[in-house]
Amino acid sequence: MIGVDAGSGDRLALAVLTQYRMATTEQTRLRLARLRGEGLVDRITLPQAGRMRGWFPTAYGVQLVCEWPEMRGHRPSRTVSDPTAVRLKAGHTLTETALAFLEDARRHGDLFRPLDWIFEVHHPIGSGEAVIPDALLYYRRGPVDGDNGSMLRAFVEVDRATMGPERLAAKLTAYERLHRYVPAVPGRRPTVQEAAVEEWRRRYPLFPRVLFVLFVLDSTGPAGVENRVSALRAGAGLLARFPYDVPVLVAPLADLLQHGPSAPVWRPVHDPGQRVRWTVSGHRQT
């Protein structure tokens with residue numbers, strides 16, 4: 001009999017680790033040591049991280065989690081239990097970003113649970129291509145100033161300085177394609193009376209805002225952030241109305257960790273001289 005105590009949080013810890021794919025020792029508690037003893041999670045030593053340990057679910061742990069109702073529809077990565085894949089992905093940066101949103105939501109009385117941060121949701125854009133954001137974020141604001149709790153959704157991209165600024169900016173084009181992509185119905189030709197319906201409307205009442213969280217290595221410094229912001233601004237200039245219709249925001253991870261994601265640390269890519277709050281900029285989703 002597996003000693004997974006749902007009341008004490010073991011169930012949530014295992015579910016989150018399966019969905020987030022890994023966490024570092026600093027991001028975990030003694031709970032994972034107990035789950036390791038049950039054969040549900042394991043750990044590795046991360047390279048170039050001061051011998052920091054990364055935790056990940058075992059194949060047995062993933063099998064157990066996938067049977068739980070709260071994980072229905074959340075398909076884990078095929079390599080989530082592979083120690084080599086975990087070591088090379090360095091996914092702790094994404095986990096660190098998610099934790100910044102979680103801690104900030106708790107401070108402000110907003111509703112954002114660990115399982116509301118979903119990794120790599122596939123969004124087709126035609127021709128066999130797709131947009132796969134690093135994470136999809138579901139977030140509900142608290143009742144502040146007469147607000148009954150706006151529901152916010154965002155695609156989150158975390159740049160770990162593994163690609164050049166131009167490739168980062170090219171992601172904007174993919175999101176713009178998703179924004180206007182209307183799938184063709186096999187065997188049918190559209191008629192004049194049929195209104196074109198974009199694919200994203202099947203999932204979201206309004207198009208999710210796009211959050212680019214820049215994680216730039218220490219060796220890159222502030223200049224690296226500015227290079228990427230400039231590249232995103234140049235890319236936004238080629239997309240007509242998209243950056244104005246959909247909030248596309250960028251912020252260094254260091255600012256999120258220091259001030260919190262709800263602080264005015266976000267810069268609109270079409271006007272990076274501004275500093276805005278991601279929770280109130282642009283349209284609201286209810």
# chains A, B, ... in the order shown; residues from 1 in each chain; ligands from 1

$ residues_around --residues "A:Val276" --least-positions-apart "4" --cutoff "7 Å" --atoms "only C-alpha atoms" --output "short mmCIF file (atom, residue, chain, number, x, y, z; two decimals) with N, CA, C and O atoms, in the first residue's frame"
data_model
loop_
_atom_site.label_atom_id
_atom_site.label_comp_id
_atom_site.auth_asym_id
_atom_site.auth_seq_id
_atom_site.Cartn_x
_atom_site.Cartn_y
_atom_site.Cartn_z
N PRO A 264 4.57 46.65 -11.52
CA PRO A 264 4.72 47.26 -12.85
C PRO A 264 6.15 47.09 -13.37
O PRO A 264 6.90 48.06 -13.50
N VAL A 265 6.50 45.86 -13.69
CA VAL A 265 7.84 45.55 -14.20
C VAL A 265 7.80 45.08 -15.65
O VAL A 265 8.83 44.81 -16.25
N TRP A 266 6.60 45.03 -16.23
CA TRP A 266 6.43 44.49 -17.58
C TRP A 266 6.49 45.61 -18.62
O TRP A 266 5.92 46.68 -18.42
N ARG A 267 7.14 45.33 -19.73
CA ARG A 267 7.30 46.32 -20.80
C ARG A 267 6.57 45.83 -22.05
O ARG A 267 6.87 44.76 -22.57
N SER A 281 -3.11 45.27 -17.68
CA SER A 281 -2.84 45.83 -18.99
C SER A 281 -3.69 45.16 -20.04
O SER A 281 -3.96 43.97 -19.98
#

$ atom_distance --atom1 "atom CA of A:Val248" --atom2 "atom CA of A:Asp110"
21.6 Å

$ closest_residue --among "A:Leu102, A:Val213, A:Ala13, A:Val156" --to "A:Arg36" --atoms "only C-alpha atoms"
A:Ala13

$ residues_around --residues "stretch 231-237 of chain A" --least-positions-apart "5" --cutoff "9 Å" --atoms "only C-alpha atoms" --output "count of residues only"
19

$ residues_around --residues "A:Val225" --least-positions-apart "4" --cutoff "12 Å" --atoms "only C-alpha atoms" --output "number ranges by chain"
A: 159-161, 164-165, 168, 212-221, 229-232, 250-255, 267, 272

$ atom_distance --atom1 "atom CA of A:Gly39" --atom2 "atom CA of A:Gly54"
15.6 Å

$ closest_residue --among "A:Ala184, A:Thr58, A:Leu115, A:Val41" --to "A:Leu12" --atoms "only C-alpha atoms"
A:Leu115

$ residues_around --residues "A:Gly61" --least-positions-apart "6" --cutoff "10 Å" --atoms "only C-alpha atoms" --output "PyMOL selection string"
chain A and resi 14-15+17-18+35-36+38-42+81

$ write_last_selection --atoms "N, CA and C atoms" --output "PDB file, in the first residue's frame"
ATOM      1  N   LEU A  14       3.269  15.322  -5.567  1.00  0.00           N
ATOM      2  CA  LEU A  14       3.585  14.413  -6.658  1.00  0.00           C
ATOM      3  C   LEU A  14       2.963  14.882  -7.961  1.00  0.00           C
ATOM      4  N   ALA A  15       1.724  15.388  -7.897  1.00  0.00           N
ATOM      5  CA  ALA A  15       1.063  15.900  -9.100  1.00  0.00           C
ATOM      6  C   ALA A  15       1.818  17.085  -9.677  1.00  0.00           C
ATOM      7  N   LEU A  17       4.995  17.878  -9.232  1.00  0.00           N
ATOM      8  CA  LEU A  17       6.298  17.467  -9.747  1.00  0.00           C
ATOM      9  C   LEU A  17       6.155  16.797 -11.109  1.00  0.00           C
ATOM     10  N   THR A  18       5.088  16.035 -11.303  1.00  0.00           N
ATOM     11  CA  THR A  18       4.846  15.404 -12.601  1.00  0.00           C
ATOM     12  C   THR A  18       4.544  16.451 -13.661  1.00  0.00           C
ATOM     13  N   LEU A  35       8.415  10.639  -0.452  1.00  0.00           N
ATOM     14  CA  LEU A  35       7.916  10.107  -1.714  1.00  0.00           C
ATOM     15  C   LEU A  35       8.990   9.302  -2.439  1.00  0.00           C
ATOM     16  N   ARG A  36      10.244   9.721  -2.260  1.00  0.00           N
ATOM     17  CA  ARG A  36      11.342   8.954  -2.857  1.00  0.00           C
ATOM     18  C   ARG A  36      11.426   7.572  -2.228  1.00  0.00           C
ATOM     19  N   GLU A  38       9.035   5.872  -1.262  1.00  0.00           N
ATOM     20  CA  GLU A  38       7.938   5.081  -1.815  1.00  0.00           C
ATOM     21  C   GLU A  38       8.172   4.718  -3.279  1.00  0.00           C
ATOM     22  N   GLY A  39       9.294   5.198  -3.863  1.00  0.00           N
ATOM     23  CA  GLY A  39       9.580   4.901  -5.253  1.00  0.00           C
ATOM     24  C   GLY A  39       8.815   5.757  -6.232  1.00  0.00           C
ATOM     25  N   LEU A  40       8.264   6.894  -5.771  1.00  0.00           N
ATOM     26  CA  LEU A  40       7.445   7.747  -6.626  1.00  0.00           C
ATOM     27  C   LEU A  40       8.230   8.886  -7.253  1.00  0.00           C
ATOM     28  N   VAL A  41       9.316   9.304  -6.638  1.00  0.00           N
ATOM     29  CA  VAL A  41      10.164  10.355  -7.186  1.00  0.00           C
ATOM     30  C   VAL A  41      11.618   9.941  -7.016  1.00  0.00           C
ATOM     31  N   ASP A  42      12.492  10.628  -7.760  1.00  0.00           N
ATOM     32  CA  ASP A  42      13.918  10.383  -7.634  1.00  0.00           C
ATOM     33  C   ASP A  42      14.627  11.722  -7.786  1.00  0.00           C
ATOM     34  N   SER A  81      10.451  11.162 -16.810  1.00  0.00           N
ATOM     35  CA  SER A  81      11.098  10.278 -15.838  1.00  0.00           C
ATOM     36  C   SER A  81      12.504   9.880 -16.253  1.00  0.00           C
TER      37      SER A  81
END

$ residues_around --residues "A:Ala263" --least-positions-apart "4" --cutoff "12 Å" --atoms "only C-alpha atoms" --output "list in words"
Ala100, Phe101, Asp104, Ala105, Arg107, His108, Ala251, Asp255, Leu256, Leu257, Gln258, His259, Arg267, Arg275, Val276, Arg277, Trp278, Thr279, Val280 and Ser281 of chain A

$ atom_distance --atom1 "atom CA of A:Arg141" --atom2 "atom CA of A:Phe112"
8.5 Å

$ decode --residues "stretch 259-277 of chain A" --atoms "N, CA, C and O atoms" --output "tab-separated table (two decimals), in the first residue's frame"
chain	number	residue	atom	x	y	z
A	259	HIS	N	10.41	41.97	-7.19
A	259	HIS	CA	9.23	42.82	-6.97
A	259	HIS	C	7.91	42.05	-7.05
A	259	HIS	O	6.88	42.56	-6.59
A	260	GLY	N	7.91	40.87	-7.65
A	260	GLY	CA	6.69	40.10	-7.85
A	260	GLY	C	6.11	40.34	-9.23
A	260	GLY	O	6.18	41.46	-9.76
A	261	PRO	N	5.51	39.31	-9.85
A	261	PRO	CA	4.97	39.45	-11.20
A	261	PRO	C	3.87	40.49	-11.34
A	261	PRO	O	3.65	41.01	-12.43
A	262	SER	N	3.13	40.78	-10.25
A	262	SER	CA	2.04	41.75	-10.37
A	262	SER	C	2.51	43.19	-10.27
A	262	SER	O	1.72	44.12	-10.46
A	263	ALA	N	3.79	43.41	-10.02
A	263	ALA	CA	4.33	44.77	-9.96
A	263	ALA	C	4.47	45.33	-11.38
A	263	ALA	O	4.49	44.58	-12.36
A	264	PRO	N	4.57	46.65	-11.52
A	264	PRO	CA	4.72	47.26	-12.85
A	264	PRO	C	6.15	47.09	-13.37
A	264	PRO	O	6.90	48.06	-13.50
A	265	VAL	N	6.50	45.86	-13.69
A	265	VAL	CA	7.84	45.55	-14.20
A	265	VAL	C	7.80	45.08	-15.65
A	265	VAL	O	8.83	44.81	-16.25
A	266	TRP	N	6.60	45.03	-16.23
A	266	TRP	CA	6.43	44.49	-17.58
A	266	TRP	C	6.49	45.61	-18.62
A	266	TRP	O	5.92	46.68	-18.42
A	267	ARG	N	7.14	45.33	-19.73
A	267	ARG	CA	7.30	46.32	-20.80
A	267	ARG	C	6.57	45.83	-22.05
A	267	ARG	O	6.87	44.76	-22.57
A	268	PRO	N	5.59	46.57	-22.55
A	268	PRO	CA	4.93	46.18	-23.80
A	268	PRO	C	5.96	46.17	-24.94
A	268	PRO	O	6.74	47.11	-25.08
A	269	VAL	N	5.96	45.13	-25.74
A	269	VAL	CA	7.00	45.01	-26.77
A	269	VAL	C	6.90	46.09	-27.83
A	269	VAL	O	7.91	46.47	-28.45
A	270	HIS	N	5.69	46.64	-28.05
A	270	HIS	CA	5.56	47.69	-29.05
A	270	HIS	C	5.93	49.06	-28.49
A	270	HIS	O	6.12	50.02	-29.25
A	271	ASP	N	6.06	49.17	-27.16
A	271	ASP	CA	6.43	50.43	-26.53
A	271	ASP	C	7.19	50.12	-25.23
A	271	ASP	O	6.68	50.31	-24.12
A	272	PRO	N	8.43	49.63	-25.34
A	272	PRO	CA	9.16	49.15	-24.16
A	272	PRO	C	9.56	50.24	-23.17
A	272	PRO	O	10.11	49.92	-22.11
A	273	GLY	N	9.28	51.50	-23.49
A	273	GLY	CA	9.56	52.56	-22.53
A	273	GLY	C	8.56	52.57	-21.38
A	273	GLY	O	8.82	53.17	-20.33
A	274	GLN	N	7.42	51.92	-21.56
A	274	GLN	CA	6.40	51.85	-20.50
A	274	GLN	C	6.74	50.75	-19.49
A	274	GLN	O	7.48	49.83	-19.78
A	275	ARG	N	6.16	50.88	-18.30
A	275	ARG	CA	6.21	49.83	-17.29
A	275	ARG	C	4.78	49.60	-16.82
A	275	ARG	O	4.13	50.53	-16.33
A	276	VAL	N	4.25	48.39	-16.98
A	276	VAL	CA	2.85	48.12	-16.69
A	276	VAL	C	2.74	46.88	-15.82
A	276	VAL	O	3.68	46.12	-15.65
A	277	ARG	N	1.53	46.69	-15.27
A	277	ARG	CA	1.20	45.47	-14.53
A	277	ARG	C	0.55	44.49	-15.50
A	277	ARG	O	-0.38	44.87	-16.22
